[in-house]
>>> print(open('structure.pdb').read())   # PDB, C-alpha atoms and all ligand atoms
ATOM      1  CA  MET A 185      32.277  25.948 -84.562
ATOM      2  CA  LYS A 186      28.928  26.063 -86.333
ATOM      3  CA  VAL A 187      25.841  27.200 -84.445
ATOM      4  CA  ALA A 188      22.220  26.978 -85.632
ATOM      5  CA  VAL A 189      20.575  30.220 -84.525
ATOM      6  CA  VAL A 190      16.826  30.150 -83.858
ATOM      7  CA  GLU A 191      15.324  33.531 -83.010
ATOM      8  CA  GLY A 192      11.809  32.067 -82.871
ATOM      9  CA  ASP A 193       8.875  34.332 -82.053
ATOM     10  CA  GLY A 194       8.067  37.416 -79.979
ATOM     11  CA  ILE A 195      10.948  38.654 -77.836
ATOM     12  CA  GLY A 196      13.021  35.681 -79.046
ATOM     13  CA  LYS A 197      14.039  37.834 -81.996
ATOM     14  CA  GLU A 198      15.214  40.775 -79.877
ATOM     15  CA  VAL A 199      17.079  38.817 -77.230
ATOM     16  CA  VAL A 200      18.868  36.603 -79.755
ATOM     17  CA  SER A 201      19.982  39.576 -81.814
ATOM     18  CA  ALA A 202      21.153  41.233 -78.559
ATOM     19  CA  ALA A 203      23.158  38.141 -77.556
ATOM     20  CA  LEU A 204      24.744  37.935 -81.013
ATOM     21  CA  LYS A 205      26.005  41.513 -80.545
ATOM     22  CA  VAL A 206      27.820  40.279 -77.459
ATOM     23  CA  LEU A 207      29.189  37.294 -79.399
ATOM     24  CA  ASP A 208      30.508  39.696 -82.063
ATOM     25  CA  ALA A 209      32.474  41.567 -79.400
ATOM     26  CA  LEU A 210      34.441  38.361 -78.692
ATOM     27  CA  SER A 211      35.603  38.026 -82.340
ATOM     28  CA  LEU A 212      35.451  34.222 -82.257
ATOM     29  CA  ASP A 213      35.440  32.013 -85.309
ATOM     30  CA  ILE A 214      31.818  30.885 -85.021
ATOM     31  CA  GLU A 215      29.607  30.342 -88.055
ATOM     32  CA  GLU A 216      25.979  31.296 -87.390
ATOM     33  CA  VAL A 217      23.298  29.461 -89.396
ATOM     34  CA  PRO A 218      19.856  31.079 -89.070
ATOM     35  CA  VAL A 219      16.926  28.646 -88.882
ATOM     36  CA  GLU A 220      13.285  29.767 -88.886
ATOM     37  CA  ILE A 221      10.989  27.642 -86.730
ATOM     38  CA  GLY A 222       7.982  28.409 -84.536
ATOM     39  CA  TYR A 223       4.634  30.150 -84.684
ATOM     40  CA  GLY A 224       5.652  32.632 -87.401
ATOM     41  CA  LYS A 225       6.660  29.754 -89.653
ATOM     42  CA  TRP A 226       3.487  27.836 -88.760
ATOM     43  CA  LYS A 227       1.354  30.834 -89.823
ATOM     44  CA  ARG A 228       3.264  31.105 -93.095
ATOM     45  CA  THR A 229       3.581  27.407 -94.018
ATOM     46  CA  GLY A 230       1.301  25.372 -91.733
ATOM     47  CA  LYS A 231       4.333  23.746 -90.035
ATOM     48  CA  ALA A 232       6.275  25.004 -87.022
ATOM     49  CA  ILE A 233       9.320  22.860 -87.878
ATOM     50  CA  THR A 234      10.235  20.581 -90.789
ATOM     51  CA  GLU A 235      12.602  17.669 -91.435
ATOM     52  CA  ASP A 236      14.824  20.127 -93.374
ATOM     53  CA  ASP A 237      15.181  22.198 -90.193
ATOM     54  CA  PHE A 238      16.252  19.072 -88.295
ATOM     55  CA  ASP A 239      18.794  18.368 -91.085
ATOM     56  CA  ILE A 240      20.273  21.847 -90.630
ATOM     57  CA  PHE A 241      20.454  21.313 -86.862
ATOM     58  CA  GLU A 242      22.303  18.049 -87.450
ATOM     59  CA  SER A 243      24.851  19.820 -89.654
ATOM     60  CA  CYS A 244      25.665  22.223 -86.779
ATOM     61  CA  ASP A 245      27.477  21.667 -83.465
ATOM     62  CA  CYS A 246      24.648  23.034 -81.338
ATOM     63  CA  ILE A 247      21.609  25.334 -81.307
ATOM     64  CA  PHE A 248      21.328  28.822 -79.862
ATOM     65  CA  PHE A 249      17.623  29.384 -79.290
ATOM     66  CA  GLY A 250      15.444  32.361 -78.382
ATOM     67  CA  ALA A 251      11.792  31.596 -77.650
ATOM     68  CA  ILE A 252       8.779  30.118 -79.372
ATOM     69  CA  THR A 253       5.065  30.916 -79.203
ATOM     70  CA  THR A 254       2.862  27.810 -79.137
ATOM     71  CA  PRO A 255       0.581  27.807 -82.229
ATOM     72  CA  PRO A 256      -3.190  27.485 -81.561
ATOM     73  CA  ASP A 257      -3.327  23.956 -82.982
ATOM     74  CA  PRO A 258      -4.806  21.116 -80.869
ATOM     75  CA  ASP A 259      -2.445  18.596 -82.530
ATOM     76  CA  TYR A 260       0.665  20.744 -81.952
ATOM     77  CA  LYS A 261       3.544  19.002 -80.252
ATOM     78  CA  SER A 262       6.024  21.345 -78.592
ATOM     79  CA  VAL A 263       8.914  22.080 -80.912
ATOM     80  CA  LEU A 264      11.266  22.365 -77.968
ATOM     81  CA  VAL A 265      10.230  18.977 -76.607
ATOM     82  CA  ARG A 266      10.703  17.477 -80.094
ATOM     83  CA  ILE A 267      14.217  18.915 -80.391
ATOM     84  CA  ARG A 268      15.143  17.751 -76.873
ATOM     85  CA  GLN A 269      13.893  14.235 -77.660
ATOM     86  CA  LYS A 270      15.408  14.059 -81.160
ATOM     87  CA  PHE A 271      18.893  14.987 -79.900
ATOM     88  CA  ASP A 272      18.384  13.237 -76.556
ATOM     89  CA  LEU A 273      19.191  16.440 -74.640
ATOM     90  CA  TYR A 274      18.593  14.777 -71.308
ATOM     91  CA  ALA A 275      20.087  17.337 -68.917
ATOM     92  CA  ASN A 276      18.494  20.757 -68.519
ATOM     93  CA  ILE A 277      20.807  22.971 -66.496
ATOM     94  CA  ARG A 278      19.284  26.098 -64.965
ATOM     95  CA  PRO A 279      21.641  28.167 -62.797
ATOM     96  CA  ILE A 280      19.910  30.453 -60.275
ATOM     97  CA  LYS A 281      22.356  33.127 -59.149
ATOM     98  CA  GLY A 282      21.427  36.492 -57.679
ATOM     99  CA  MET A 283      23.043  39.499 -59.362
ATOM    100  CA  GLY A 284      21.660  42.361 -57.299
ATOM    101  CA  VAL A 285      18.326  40.935 -56.187
ATOM    102  CA  GLY A 286      18.849  37.835 -53.976
ATOM    103  CA  GLU A 287      22.610  38.426 -53.903
ATOM    104  CA  ASN A 288      23.321  35.379 -51.691
ATOM    105  CA  ILE A 289      21.280  32.921 -53.748
ATOM    106  CA  ASP A 290      23.450  30.631 -55.827
ATOM    107  CA  PHE A 291      22.312  27.165 -56.835
ATOM    108  CA  THR A 292      21.756  25.116 -59.955
ATOM    109  CA  ILE A 293      18.710  23.103 -60.917
ATOM    110  CA  VAL A 294      19.496  19.953 -62.908
ATOM    111  CA  ARG A 295      16.251  18.863 -64.516
ATOM    112  CA  GLU A 296      15.689  15.554 -66.300
ATOM    113  CA  ASN A 297      14.657  16.718 -69.753
ATOM    114  CA  THR A 298      13.363  13.819 -71.846
ATOM    115  CA  GLU A 299      10.926  11.774 -69.782
ATOM    116  CA  GLY A 300       8.613  12.281 -66.767
ATOM    117  CA  MET A 301       5.416  14.152 -67.536
ATOM    118  CA  TYR A 302       6.880  15.377 -70.844
ATOM    119  CA  SER A 303       7.562  11.931 -72.304
ATOM    120  CA  GLY A 304       4.761  12.442 -74.833
ATOM    121  CA  VAL A 305       2.910   9.246 -73.906
ATOM    122  CA  GLU A 306      -0.709  10.427 -73.903
ATOM    123  CA  GLN A 307      -4.038   8.804 -74.623
ATOM    124  CA  VAL A 308      -7.005  11.005 -75.441
ATOM    125  CA  PHE A 309     -10.493   9.620 -74.729
ATOM    126  CA  PRO A 310     -13.776  11.519 -75.169
ATOM    127  CA  ASP A 311     -14.026  12.368 -71.469
ATOM    128  CA  ALA A 312     -10.523  11.822 -70.145
ATOM    129  CA  VAL A 313      -6.902  12.257 -71.088
ATOM    130  CA  HIS A 314      -4.156  10.035 -69.689
ATOM    131  CA  SER A 315      -0.678  11.581 -69.620
ATOM    132  CA  THR A 316       1.795   8.875 -68.652
ATOM    133  CA  ARG A 317       4.694   9.799 -66.393
ATOM    134  CA  VAL A 318       7.591   7.690 -67.615
ATOM    135  CA  ILE A 319      10.576   7.442 -65.265
ATOM    136  CA  THR A 320      13.275   4.927 -66.178
ATOM    137  CA  ARG A 321      16.322   3.632 -64.315
ATOM    138  CA  ARG A 322      18.574   4.688 -67.210
ATOM    139  CA  GLY A 323      17.031   8.189 -67.396
ATOM    140  CA  SER A 324      17.342   8.668 -63.643
ATOM    141  CA  GLU A 325      20.871   7.307 -63.571
ATOM    142  CA  ARG A 326      22.265   9.559 -66.270
ATOM    143  CA  ILE A 327      20.691  12.735 -64.866
ATOM    144  CA  ALA A 328      22.003  11.814 -61.415
ATOM    145  CA  GLU A 329      25.451  11.238 -62.922
ATOM    146  CA  TYR A 330      25.280  14.651 -64.606
ATOM    147  CA  ALA A 331      24.236  16.349 -61.368
ATOM    148  CA  CYS A 332      27.051  14.625 -59.470
ATOM    149  CA  SER A 333      29.539  15.861 -62.088
ATOM    150  CA  LEU A 334      28.531  19.425 -61.117
ATOM    151  CA  ALA A 335      28.671  18.839 -57.342
ATOM    152  CA  ARG A 336      32.325  19.747 -56.575
ATOM    153  CA  GLY A 337      31.768  19.827 -52.815
ATOM    154  CA  LYS A 338      28.191  21.081 -52.983
ATOM    155  CA  ARG A 339      25.306  19.325 -51.262
ATOM    156  CA  LEU A 340      22.950  17.662 -53.730
ATOM    157  CA  THR A 341      19.213  17.940 -52.999
ATOM    158  CA  ILE A 342      17.274  15.105 -54.649
ATOM    159  CA  VAL A 343      13.729  16.395 -55.231
ATOM    160  CA  HIS A 344      10.804  13.971 -55.663
ATOM    161  CA  LYS A 345       7.310  13.031 -54.477
ATOM    162  CA  ALA A 346       8.171   9.496 -53.441
ATOM    163  CA  ASN A 347       5.587   9.385 -50.651
ATOM    164  CA  ILE A 348       2.878   9.293 -53.344
ATOM    165  CA  LEU A 349       4.409   8.320 -56.692
ATOM    166  CA  LYS A 350       6.136   4.978 -57.324
ATOM    167  CA  SER A 351       7.895   6.563 -60.316
ATOM    168  CA  CYS A 352       9.448   9.049 -57.881
ATOM    169  CA  ARG A 353      10.620   6.213 -55.619
ATOM    170  CA  LEU A 354      12.627   4.816 -58.512
ATOM    171  CA  PHE A 355      14.017   8.282 -59.303
ATOM    172  CA  ARG A 356      14.942   8.962 -55.672
ATOM    173  CA  ASP A 357      16.536   5.568 -55.055
ATOM    174  CA  VAL A 358      18.596   5.669 -58.248
ATOM    175  CA  CYS A 359      19.796   9.221 -57.464
ATOM    176  CA  ILE A 360      20.790   8.193 -53.936
ATOM    177  CA  GLY A 361      22.706   5.210 -55.315
ATOM    178  CA  VAL A 362      24.609   7.355 -57.799
ATOM    179  CA  ALA A 363      25.379  10.060 -55.199
ATOM    180  CA  ASP A 364      26.639   7.420 -52.750
ATOM    181  CA  ARG A 365      28.811   5.846 -55.431
ATOM    182  CA  HIS A 366      30.429   9.238 -56.071
ATOM    183  CA  LYS A 367      30.613   9.998 -52.328
ATOM    184  CA  ILE A 368      28.545  13.173 -52.865
ATOM    185  CA  LEU A 369      26.914  14.793 -49.855
ATOM    186  CA  TRP A 370      23.147  14.505 -50.513
ATOM    187  CA  GLU A 371      19.745  15.002 -48.959
ATOM    188  CA  ASP A 372      16.338  14.134 -50.374
ATOM    189  CA  MET A 373      13.245  16.292 -50.078
ATOM    190  CA  LEU A 374       9.624  16.248 -51.223
ATOM    191  CA  VAL A 375       8.914  18.717 -54.004
ATOM    192  CA  ASP A 376       6.255  20.562 -51.973
ATOM    193  CA  ALA A 377       8.714  21.002 -49.098
ATOM    194  CA  VAL A 378      11.301  22.331 -51.560
ATOM    195  CA  ALA A 379       8.815  24.888 -52.901
ATOM    196  CA  HIS A 380       8.190  26.041 -49.322
ATOM    197  CA  ARG A 381      11.877  26.199 -48.386
ATOM    198  CA  LEU A 382      12.764  27.980 -51.619
ATOM    199  CA  VAL A 383      10.576  30.879 -50.580
ATOM    200  CA  LEU A 384      11.698  30.950 -46.929
ATOM    201  CA  ASP A 385      15.376  30.083 -47.183
ATOM    202  CA  PRO A 386      16.646  29.899 -50.788
ATOM    203  CA  GLU A 387      20.298  30.400 -49.750
ATOM    204  CA  ARG A 388      20.369  26.897 -48.246
ATOM    205  CA  PHE A 389      20.203  25.217 -51.660
ATOM    206  CA  GLU A 390      23.382  24.431 -53.588
ATOM    207  CA  LEU A 391      22.482  21.893 -56.274
ATOM    208  CA  ILE A 392      19.109  20.343 -57.083
ATOM    209  CA  VAL A 393      18.352  17.304 -59.221
ATOM    210  CA  THR A 394      14.759  16.535 -60.117
ATOM    211  CA  THR A 395      12.312  15.212 -62.685
ATOM    212  CA  ASN A 396      11.062  17.074 -65.755
ATOM    213  CA  LEU A 397       7.876  18.864 -64.616
ATOM    214  CA  PHE A 398       9.122  19.552 -61.071
ATOM    215  CA  GLY A 399      12.296  21.120 -62.498
ATOM    216  CA  ASP A 400      10.306  23.261 -64.901
ATOM    217  CA  ILE A 401       8.065  24.629 -62.141
ATOM    218  CA  LEU A 402      10.740  25.077 -59.462
ATOM    219  CA  SER A 403      13.051  26.945 -61.829
ATOM    220  CA  ASP A 404      10.377  29.515 -62.717
ATOM    221  CA  MET A 405       9.683  29.944 -59.031
ATOM    222  CA  ALA A 406      13.382  30.314 -58.263
ATOM    223  CA  ALA A 407      13.685  32.913 -61.025
ATOM    224  CA  ALA A 408      11.310  35.153 -59.085
ATOM    225  CA  LEU A 409      13.750  35.117 -56.147
ATOM    226  CA  ILE A 410      16.588  36.684 -58.147
ATOM    227  CA  GLY A 411      14.783  39.354 -60.159
ATOM    228  CA  GLY A 412      12.811  37.387 -62.709
ATOM    229  CA  LEU A 413      13.023  35.208 -65.792
ATOM    230  CA  GLY A 414      14.887  37.931 -67.643
ATOM    231  CA  LEU A 415      18.039  36.797 -65.829
ATOM    232  CA  CYS A 416      17.712  33.013 -66.149
ATOM    233  CA  ALA A 417      19.814  31.148 -68.667
ATOM    234  CA  SER A 418      19.714  27.460 -69.495
ATOM    235  CA  ALA A 419      21.478  24.666 -71.311
ATOM    236  CA  ASN A 420      19.937  21.474 -72.683
ATOM    237  CA  ILE A 421      22.771  18.972 -72.853
ATOM    238  CA  GLY A 422      23.072  15.571 -74.538
ATOM    239  CA  GLU A 423      26.001  13.225 -75.192
ATOM    240  CA  ASP A 424      27.262  15.142 -78.222
ATOM    241  CA  TYR A 425      24.763  17.933 -78.899
ATOM    242  CA  ALA A 426      23.277  20.832 -76.964
ATOM    243  CA  LEU A 427      20.744  23.657 -77.136
ATOM    244  CA  PHE A 428      21.157  26.902 -75.211
ATOM    245  CA  GLU A 429      18.185  29.179 -74.487
ATOM    246  CA  PRO A 430      16.820  31.710 -72.032
ATOM    247  CA  VAL A 431      14.332  30.036 -69.678
ATOM    248  CA  HIS A 432      11.680  32.630 -70.589
ATOM    249  CA  GLY A 433       9.152  32.288 -73.380
ATOM    250  CA  SER A 434       8.269  34.594 -76.275
ATOM    251  CA  ALA A 435       6.274  37.173 -74.220
ATOM    252  CA  PRO A 436       4.168  38.445 -77.171
ATOM    253  CA  ASP A 437       2.735  41.262 -74.999
ATOM    254  CA  ILE A 438       6.086  43.079 -74.895
ATOM    255  CA  ALA A 439       7.543  41.896 -78.208
ATOM    256  CA  GLY A 440       9.051  44.525 -80.504
ATOM    257  CA  LYS A 441       9.085  47.243 -77.850
ATOM    258  CA  GLY A 442      12.710  46.936 -76.727
ATOM    259  CA  LEU A 443      11.522  46.030 -73.217
ATOM    260  CA  ALA A 444      12.800  42.451 -73.054
ATOM    261  CA  ASN A 445      15.728  41.782 -70.759
ATOM    262  CA  PRO A 446      18.523  40.280 -72.913
ATOM    263  CA  VAL A 447      20.568  39.032 -69.930
ATOM    264  CA  ALA A 448      19.042  35.511 -69.908
ATOM    265  CA  ALA A 449      19.945  35.074 -73.572
ATOM    266  CA  ILE A 450      23.424  36.580 -73.062
ATOM    267  CA  LEU A 451      24.110  34.243 -70.117
ATOM    268  CA  SER A 452      22.834  31.314 -72.233
ATOM    269  CA  LEU A 453      25.459  32.351 -74.773
ATOM    270  CA  ALA A 454      28.046  32.200 -71.966
ATOM    271  CA  MET A 455      26.889  28.633 -71.209
ATOM    272  CA  MET A 456      27.338  27.767 -74.881
ATOM    273  CA  LEU A 457      30.876  29.169 -74.901
ATOM    274  CA  LYS A 458      31.749  27.099 -71.838
ATOM    275  CA  TRP A 459      30.350  23.973 -73.533
ATOM    276  CA  PHE A 460      32.614  24.755 -76.510
ATOM    277  CA  GLY A 461      35.546  24.880 -74.066
ATOM    278  CA  ARG A 462      35.914  28.677 -74.350
ATOM    279  CA  VAL A 463      35.910  29.120 -70.573
ATOM    280  CA  GLU A 464      37.821  32.416 -70.608
ATOM    281  CA  GLU A 465      35.341  33.999 -73.023
ATOM    282  CA  SER A 466      32.420  32.582 -71.064
ATOM    283  CA  ASP A 467      33.785  34.147 -67.859
ATOM    284  CA  ALA A 468      34.346  37.431 -69.707
ATOM    285  CA  VAL A 469      30.663  37.528 -70.684
ATOM    286  CA  HIS A 470      29.608  36.804 -67.090
ATOM    287  CA  ASP A 471      31.876  39.502 -65.689
ATOM    288  CA  ALA A 472      30.683  42.039 -68.255
ATOM    289  CA  VAL A 473      27.010  41.298 -67.442
ATOM    290  CA  SER A 474      27.723  41.708 -63.708
ATOM    291  CA  ARG A 475      29.451  45.048 -64.269
ATOM    292  CA  VAL A 476      26.673  46.369 -66.511
ATOM    293  CA  LEU A 477      23.916  45.381 -64.070
ATOM    294  CA  ALA A 478      25.873  46.776 -61.124
ATOM    295  CA  GLY A 479      26.207  50.035 -63.068
ATOM    296  CA  GLY A 480      22.396  50.292 -63.253
ATOM    297  CA  ILE A 481      22.198  49.673 -66.998
ATOM    298  CA  THR A 482      19.086  47.507 -66.972
ATOM    299  CA  THR A 483      15.792  47.024 -68.753
ATOM    300  CA  PRO A 484      12.534  48.158 -67.052
ATOM    301  CA  ASP A 485      11.846  44.732 -65.459
ATOM    302  CA  LEU A 486      14.810  45.482 -63.164
ATOM    303  CA  GLY A 487      13.846  49.113 -62.669
ATOM    304  CA  GLY A 488      16.065  50.565 -65.401
ATOM    305  CA  ARG A 489      15.298  52.745 -68.412
ATOM    306  CA  TYR A 490      17.458  51.030 -71.015
ATOM    307  CA  SER A 491      16.286  49.047 -74.032
ATOM    308  CA  THR A 492      17.140  45.447 -74.927
ATOM    309  CA  ALA A 493      19.672  46.618 -77.509
ATOM    310  CA  GLU A 494      21.230  49.225 -75.183
ATOM    311  CA  VAL A 495      21.859  46.656 -72.448
ATOM    312  CA  ALA A 496      23.469  44.316 -75.006
ATOM    313  CA  GLU A 497      25.603  47.158 -76.390
ATOM    314  CA  ALA A 498      26.738  47.980 -72.851
ATOM    315  CA  VAL A 499      27.737  44.339 -72.254
ATOM    316  CA  ALA A 500      29.603  44.227 -75.586
ATOM    317  CA  ALA A 501      31.363  47.511 -74.735
ATOM    318  CA  ALA A 502      32.340  46.191 -71.287
ATOM    319  CA  ILE A 503      33.905  43.122 -72.921
ATOM    320  CA  GLU A 504      35.780  45.244 -75.461
ATOM    321  CA  LYS A 505      37.007  47.593 -72.718
ATOM    322  CA  GLU A 506      38.330  44.645 -70.679
ATOM    323  CA  GLN A 507      40.015  43.169 -73.749
ATOM    324  CA  ALA A 508      41.758  46.488 -74.443
ATOM    325  CA  THR A 509      43.375  46.633 -70.984
TER     326      THR A 509
HETATM  327  N1  LIG B 601      12.993  29.712 -74.389
HETATM  328  C1  LIG B 601      11.943  28.877 -73.918
HETATM  329  C2  LIG B 601      10.696  28.945 -74.740
HETATM  330  O1  LIG B 601      10.680  29.358 -75.863
HETATM  331  N2  LIG B 601       9.594  28.530 -74.145
HETATM  332  C3  LIG B 601       8.334  28.527 -74.812
HETATM  333  C4  LIG B 601       7.863  27.117 -75.005
HETATM  334  O2  LIG B 601       8.139  26.252 -74.196
HETATM  335  N3  LIG B 601       7.190  26.840 -76.103
HETATM  336  C5  LIG B 601       6.683  25.540 -76.333
HETATM  337  C6  LIG B 601       7.035  25.076 -77.706
HETATM  338  O3  LIG B 601       6.260  25.358 -78.583
HETATM  339  O4  LIG B 601       8.067  24.425 -77.880
END
>>> encode(input="structure.pdb", output="structure tokens")
Amino acid sequence: MKVAVVEGDGIGKEVVSAALKVLDALSLDIEEVPVEIGYGKWKRTGKAITEDDFDIFESCDCIFFGAITTPPDPDYKSVLVRIRQKFDLYANIRPIKGMGVGENIDFTIVRENTEGMYSGVEQVFPDAVHSTRVITRRGSERIAEYACSLARGKRLTIVHKANILKSCRLFRDVCIGVADRHKILWEDMLVDAVAHRLVLDPERFELIVTTNLFGDILSDMAAALIGGLGLCASANIGEDYALFEPVHGSAPDIAGKGLANPVAAILSLAMMLKWFGRVEESDAVHDAVSRVLAGGITTPDLGGRYSTAEVAEAVAAAIEKEQAT
């Protein structure tokens, strides 16, 4: 297994190095290939990512990614969006599971990751900008298929704004068709109603499938219900490639202070291990994180007094302790 490791900017560096400590504790045969992309590289070279970086990514099985600061360049195109489009990472999986805060919340957001408002089709005029929302039958079908593959008895909530947007009608209708074909229990709901219900009754949700921008917004909102973005992992999945990253960004205001919560990055590592088929090791990481958090070893965002590195060391130690028994 060969993994391209992108620390990126800001707290990306700390949380990735913390997660790699946890990976070390598992003693797996994984080759790590560091790749520098992002704002730091842009400041140094004028480019946030190069073709050579894409070549390195292609020579690896997947990418483990920290976080990137957006450079102050009006022509900048998001590096993350470029990677997702280049490798056609169409399914963005964002599990929302309470581990202390919001203990009974447990659902997954499946977000279409390559089209919608982030399709990159934009026209800039002197006094207007048109951002085109592209929704295709194929894009909707494959994300619905992916969501259905995760259902396993769960109710699927298809989230859209079909009362206003024709593009959402296509998305909704295709999702319903796929769910019916797989005999999945489903409901459909307007995105504004979902936002409302998420605040009032988040436990009711089991599995959500939605379009790109809606998924991005709802997942940040959902993160607040379970203790914050410091706990939220994600996977960007394609047919034969994937990128794993904490949902959070580079948080330059707290970078380098040891304040960043490494749990989102560590749980993203667990998602990567599962994708590699190392389910036992993935579960071991999850269990170790749960034990460490339950023991009160947390960063200040969760009320604790431990640093990024200390939390990661505690998770690594919990894994090693379990392995020794
Ligand atoms: N781990 C997610 C992350 O880094 N988010 C920041 C972000 O979206 N940056 C935009 C970009 O430049 O790609």
>>> axis_aligned_box(input="structure.pdb", around="ligand LIG 601 (chain B)", padding_each_side="6 Å", output="JSON")
{"center_x": 9.6, "center_y": 27.1, "center_z": -76.3, "size_x": 18.7, "size_y": 17.3, "size_z": 16.7}
>>> residues_near_ligand(input="structure.pdb", ligand="ligand LIG 601 (chain B)", cutoff="7 Å", atoms="all atoms listed in the file", output="ChimeraX atom specification")
/A:222,249-254,262-265,429-434
>>> residues_around(input="structure.pdb", residues="segment 503-507 of chain A", least_positions_apart="6", cutoff="7 Å", atoms="all atoms listed in the file", output="mmCIF file with C-alpha atoms, keeping the file's coordinate frame")
data_model
loop_
_atom_site.group_PDB
_atom_site.id
_atom_site.type_symbol
_atom_site.label_atom_id
_atom_site.label_comp_id
_atom_site.auth_asym_id
_atom_site.auth_seq_id
_atom_site.Cartn_x
_atom_site.Cartn_y
_atom_site.Cartn_z
ATOM 1 C CA ALA A 209 32.474 41.567 -79.400
ATOM 2 C CA ALA A 468 34.346 37.431 -69.707
ATOM 3 C CA VAL A 469 30.663 37.528 -70.684
ATOM 4 C CA ALA A 472 30.683 42.039 -68.255
#
>>> resolve_selection(input="structure.pdb", expression="the PyMOL selection byres (((chain A and resi 386) around 9) and not hetatm)", output="number ranges by chain")
A: 286, 288-291, 381-385, 387-389, 406, 409
>>> write_last_selection(input="structure.pdb", atoms="C-alpha atoms", output="mmCIF file, in the frame of the given file")
data_model
loop_
_atom_site.group_PDB
_atom_site.id
_atom_site.type_symbol
_atom_site.label_atom_id
_atom_site.label_comp_id
_atom_site.auth_asym_id
_atom_site.auth_seq_id
_atom_site.Cartn_x
_atom_site.Cartn_y
_atom_site.Cartn_z
ATOM 1 C CA GLY A 286 18.849 37.835 -53.976
ATOM 2 C CA ASN A 288 23.321 35.379 -51.691
ATOM 3 C CA ILE A 289 21.280 32.921 -53.748
ATOM 4 C CA ASP A 290 23.450 30.631 -55.827
ATOM 5 C CA PHE A 291 22.312 27.165 -56.835
ATOM 6 C CA ARG A 381 11.877 26.199 -48.386
ATOM 7 C CA LEU A 382 12.764 27.980 -51.619
ATOM 8 C CA VAL A 383 10.576 30.879 -50.580
ATOM 9 C CA LEU A 384 11.698 30.950 -46.929
ATOM 10 C CA ASP A 385 15.376 30.083 -47.183
ATOM 11 C CA GLU A 387 20.298 30.400 -49.750
ATOM 12 C CA ARG A 388 20.369 26.897 -48.246
ATOM 13 C CA PHE A 389 20.203 25.217 -51.660
ATOM 14 C CA ALA A 406 13.382 30.314 -58.263
ATOM 15 C CA LEU A 409 13.750 35.117 -56.147
#
>>> closest_residue(input="structure.pdb", among="A:Gly412, A:Thr482, A:Val206, A:Ala377", to="Gly282 of chain A", atoms="all atoms listed in the file")
A:Gly412
>>> resolve_selection(input="structure.pdb", expression="the PyMOL selection byres (((chain A and resi 271) around 8) and not hetatm)", output="number ranges by chain")
A: 267-270, 272-273, 422, 425-426
>>> write_last_selection(input="structure.pdb", atoms="C-alpha atoms", output="compact mmCIF listing (two decimals), in the coordinates of the input")
# COMPACT_ATOMS: atom_id res chain seq x y z
CA ILE A 267 14.22 18.92 -80.39
CA ARG A 268 15.14 17.75 -76.87
CA GLN A 269 13.89 14.24 -77.66
CA LYS A 270 15.41 14.06 -81.16
CA ASP A 272 18.38 13.24 -76.56
CA LEU A 273 19.19 16.44 -74.64
CA GLY A 422 23.07 15.57 -74.54
CA TYR A 425 24.76 17.93 -78.90
CA ALA A 426 23.28 20.83 -76.96
>>> closest_atom_pairs(input="structure.pdb", of="segment 255-305 of chain A", to="segment 392-400 of chain A", cutoff="8 Å", atoms="only C-alpha atoms", output="CSV")
residue,atom,partner,partner_atom,distance
A:Phe291,CA,A:Ile392,CA,7.5
A:Thr292,CA,A:Ile392,CA,6.2
A:Ile293,CA,A:Ile392,CA,4.7
A:Val294,CA,A:Val393,CA,4.7
A:Arg295,CA,A:Gly399,CA,5.0
A:Glu296,CA,A:Asn396,CA,4.9
A:Asn297,CA,A:Asn396,CA,5.4
A:Thr298,CA,A:Asn396,CA,7.3
A:Glu299,CA,A:Asn396,CA,6.7
A:Gly300,CA,A:Asn396,CA,5.5
A:Met301,CA,A:Leu397,CA,6.1
A:Tyr302,CA,A:Asn396,CA,6.8
>>> closest_residue(input="structure.pdb", among="A:Ile233, A:Ala407, A:Val219, A:Ala419", to="Lys281 of chain A", atoms="all atoms listed in the file")
A:Ala407
>>> resolve_selection(input="structure.pdb", expression="the PyMOL selection byres (((chain A and resi 470) around 10) and not hetatm)", output="VMD selection string")
chain A and resid 447 450 to 451 453 to 455 464 to 469 471 to 475 499 503
>>> residues_around(input="structure.pdb", residues="Pro436 of chain A", least_positions_apart="5", cutoff="12 Å", atoms="only C-alpha atoms", output="PDB file with C-alpha atoms, keeping the file's coordinate frame")
ATOM      1  CA  GLY A 192      11.809  32.067 -82.871  1.00  0.00           C
ATOM      2  CA  ASP A 193       8.875  34.332 -82.053  1.00  0.00           C
ATOM      3  CA  GLY A 194       8.067  37.416 -79.979  1.00  0.00           C
ATOM      4  CA  ILE A 195      10.948  38.654 -77.836  1.00  0.00           C
ATOM      5  CA  GLY A 196      13.021  35.681 -79.046  1.00  0.00           C
ATOM      6  CA  LYS A 197      14.039  37.834 -81.996  1.00  0.00           C
ATOM      7  CA  GLU A 198      15.214  40.775 -79.877  1.00  0.00           C
ATOM      8  CA  TYR A 223       4.634  30.150 -84.684  1.00  0.00           C
ATOM      9  CA  GLY A 224       5.652  32.632 -87.401  1.00  0.00           C
ATOM     10  CA  ALA A 251      11.792  31.596 -77.650  1.00  0.00           C
ATOM     11  CA  ILE A 252       8.779  30.118 -79.372  1.00  0.00           C
ATOM     12  CA  THR A 253       5.065  30.916 -79.203  1.00  0.00           C
ATOM     13  CA  THR A 254       2.862  27.810 -79.137  1.00  0.00           C
ATOM     14  CA  LYS A 441       9.085  47.243 -77.850  1.00  0.00           C
ATOM     15  CA  LEU A 443      11.522  46.030 -73.217  1.00  0.00           C
ATOM     16  CA  ALA A 444      12.800  42.451 -73.054  1.00  0.00           C
TER      17      ALA A 444
END
>>> atom_distance(input="structure.pdb", atom1="atom CA of Tyr490 of chain A", atom2="atom CA of Pro279 of chain A")
24.7 Å
